[in-house]
file my_file_0.pdb (PDB, C-alpha atoms)
ATOM      1  CA  MET A   1      18.370 -41.480 -10.500  1.00  0.00           C
ATOM      2  CA  ALA A   2      18.031 -40.715  -6.797  1.00  0.00           C
ATOM      3  CA  LYS A   3      19.457 -37.226  -7.355  1.00  0.00           C
ATOM      4  CA  VAL A   4      16.816 -36.496  -9.986  1.00  0.00           C
ATOM      5  CA  VAL A   5      14.009 -37.604  -7.670  1.00  0.00           C
ATOM      6  CA  GLU A   6      15.456 -35.521  -4.828  1.00  0.00           C
ATOM      7  CA  PHE A   7      15.720 -32.506  -7.121  1.00  0.00           C
ATOM      8  CA  ILE A   8      12.058 -32.852  -8.150  1.00  0.00           C
ATOM      9  CA  LYS A   9      10.951 -33.197  -4.524  1.00  0.00           C
ATOM     10  CA  GLU A  10      12.956 -30.143  -3.471  1.00  0.00           C
ATOM     11  CA  SER A  11      11.674 -28.141  -6.431  1.00  0.00           C
ATOM     12  CA  TYR A  12       8.078 -29.016  -5.587  1.00  0.00           C
ATOM     13  CA  ASP A  13       8.629 -28.090  -1.942  1.00  0.00           C
ATOM     14  CA  GLU A  14      10.154 -24.760  -2.907  1.00  0.00           C
ATOM     15  CA  MET A  15       7.356 -23.934  -5.371  1.00  0.00           C
ATOM     16  CA  THR A  16       4.609 -24.745  -2.855  1.00  0.00           C
ATOM     17  CA  GLN A  17       6.143 -23.520   0.406  1.00  0.00           C
ATOM     18  CA  LYS A  18       8.753 -20.842  -0.290  1.00  0.00           C
ATOM     19  CA  VAL A  19       7.548 -18.974  -3.385  1.00  0.00           C
ATOM     20  CA  THR A  20       5.228 -16.020  -2.868  1.00  0.00           C
ATOM     21  CA  TRP A  21       2.659 -16.195  -5.650  1.00  0.00           C
ATOM     22  CA  PRO A  22       0.783 -13.037  -6.690  1.00  0.00           C
ATOM     23  CA  THR A  23      -2.878 -12.697  -5.860  1.00  0.00           C
ATOM     24  CA  TRP A  24      -5.450 -12.600  -8.656  1.00  0.00           C
ATOM     25  CA  GLY A  25      -5.776  -8.820  -8.255  1.00  0.00           C
ATOM     26  CA  GLU A  26      -2.017  -8.294  -8.440  1.00  0.00           C
ATOM     27  CA  LEU A  27      -1.873 -10.484 -11.522  1.00  0.00           C
ATOM     28  CA  GLN A  28      -4.628  -8.463 -13.221  1.00  0.00           C
ATOM     29  CA  ASN A  29      -2.907  -5.176 -12.356  1.00  0.00           C
ATOM     30  CA  SER A  30       0.370  -6.436 -13.783  1.00  0.00           C
ATOM     31  CA  ALA A  31      -1.342  -7.633 -16.955  1.00  0.00           C
ATOM     32  CA  ILE A  32      -3.008  -4.232 -17.438  1.00  0.00           C
ATOM     33  CA  LEU A  33       0.304  -2.471 -16.871  1.00  0.00           C
ATOM     34  CA  VAL A  34       2.014  -4.658 -19.479  1.00  0.00           C
ATOM     35  CA  LEU A  35      -0.837  -4.054 -21.939  1.00  0.00           C
ATOM     36  CA  VAL A  36      -0.690  -0.273 -21.510  1.00  0.00           C
ATOM     37  CA  ALA A  37       3.109  -0.214 -21.780  1.00  0.00           C
ATOM     38  CA  SER A  38       2.962  -2.363 -24.921  1.00  0.00           C
ATOM     39  CA  LEU A  39       0.418  -0.036 -26.522  1.00  0.00           C
ATOM     40  CA  ILE A  40       2.517   3.033 -25.706  1.00  0.00           C
ATOM     41  CA  ILE A  41       5.643   1.433 -27.152  1.00  0.00           C
ATOM     42  CA  ALA A  42       3.723   0.349 -30.270  1.00  0.00           C
ATOM     43  CA  LEU A  43       2.438   3.910 -30.760  1.00  0.00           C
ATOM     44  CA  VAL A  44       5.945   5.342 -30.362  1.00  0.00           C
ATOM     45  CA  ILE A  45       7.338   2.893 -32.929  1.00  0.00           C
ATOM     46  CA  PHE A  46       4.423   3.649 -35.279  1.00  0.00           C
ATOM     47  CA  ALA A  47       5.067   7.396 -34.982  1.00  0.00           C
ATOM     48  CA  MET A  48       8.796   6.914 -35.590  1.00  0.00           C
ATOM     49  CA  ASP A  49       8.061   4.783 -38.661  1.00  0.00           C
ATOM     50  CA  LYS A  50       5.623   7.317 -40.114  1.00  0.00           C
ATOM     51  CA  GLY A  51       7.992  10.181 -39.335  1.00  0.00           C
ATOM     52  CA  SER A  52      10.981   8.546 -40.972  1.00  0.00           C
ATOM     53  CA  THR A  53       8.863   7.562 -43.980  1.00  0.00           C
ATOM     54  CA  PHE A  54       7.730  11.171 -44.367  1.00  0.00           C
ATOM     55  CA  VAL A  55      11.284  12.506 -44.074  1.00  0.00           C
ATOM     56  CA  LEU A  56      12.683  10.000 -46.580  1.00  0.00           C
ATOM     57  CA  ASP A  57       9.826  10.533 -49.048  1.00  0.00           C
ATOM     58  CA  THR A  58      10.382  14.282 -48.857  1.00  0.00           C
ATOM     59  CA  PHE A  59      14.117  13.830 -49.305  1.00  0.00           C
ATOM     60  CA  TYR A  60      13.767  11.550 -52.339  1.00  0.00           C
ATOM     61  CA  LYS A  61      11.170  13.827 -53.955  1.00  0.00           C
ATOM     62  CA  SER A  62      13.534  16.774 -53.552  1.00  0.00           C
ATOM     63  CA  LEU A  63      16.271  14.820 -55.328  1.00  0.00           C
ATOM     64  CA  SER A  64      14.077  14.051 -58.325  1.00  0.00           C
ATOM     65  CA  ASN A  65      13.213  17.718 -58.941  1.00  0.00           C
TER      66      ASN A  65
END
call {"tool": "encode", "arguments": {"input": "my_file_0.pdb", "output": "structure tokens"}}
result
Amino acid sequence: MAKVVEFIKESYDEMTQKVTWPTWGELQNSAILVLVASLIIALVIFAMDKGSTFVLDTFYKSLSN
């Protein structure tokens, strides 16, 4: 049990003294960057989906003629 208590104490010390936490501004900038990147990736996937749907629909329609 003493090892668990020591681990918790050392973890707390490391989180409060040794970790460099981002400022509020840095956190906001990172969140905006993630949001923009997610939107771009979603648009790329949407375009790929629509493109492949168009190609397959055209292919299947040509087979039925």
call {"tool": "atom_distance", "arguments": {"input": "my_file_0.pdb", "atom1": "atom CA of A:Asn29", "atom2": "atom CA of A:Val44"}}
result
22.7 Å
call {"tool": "atom_distance", "arguments": {"input": "my_file_0.pdb", "atom1": "atom CA of A:Lys9", "atom2": "atom CA of A:Leu27"}}
result
27.0 Å
call {"tool": "atom_distance", "arguments": {"input": "my_file_0.pdb", "atom1": "atom CA of A:Gly51", "atom2": "atom CA of A:Ser64"}}
result
20.3 Å
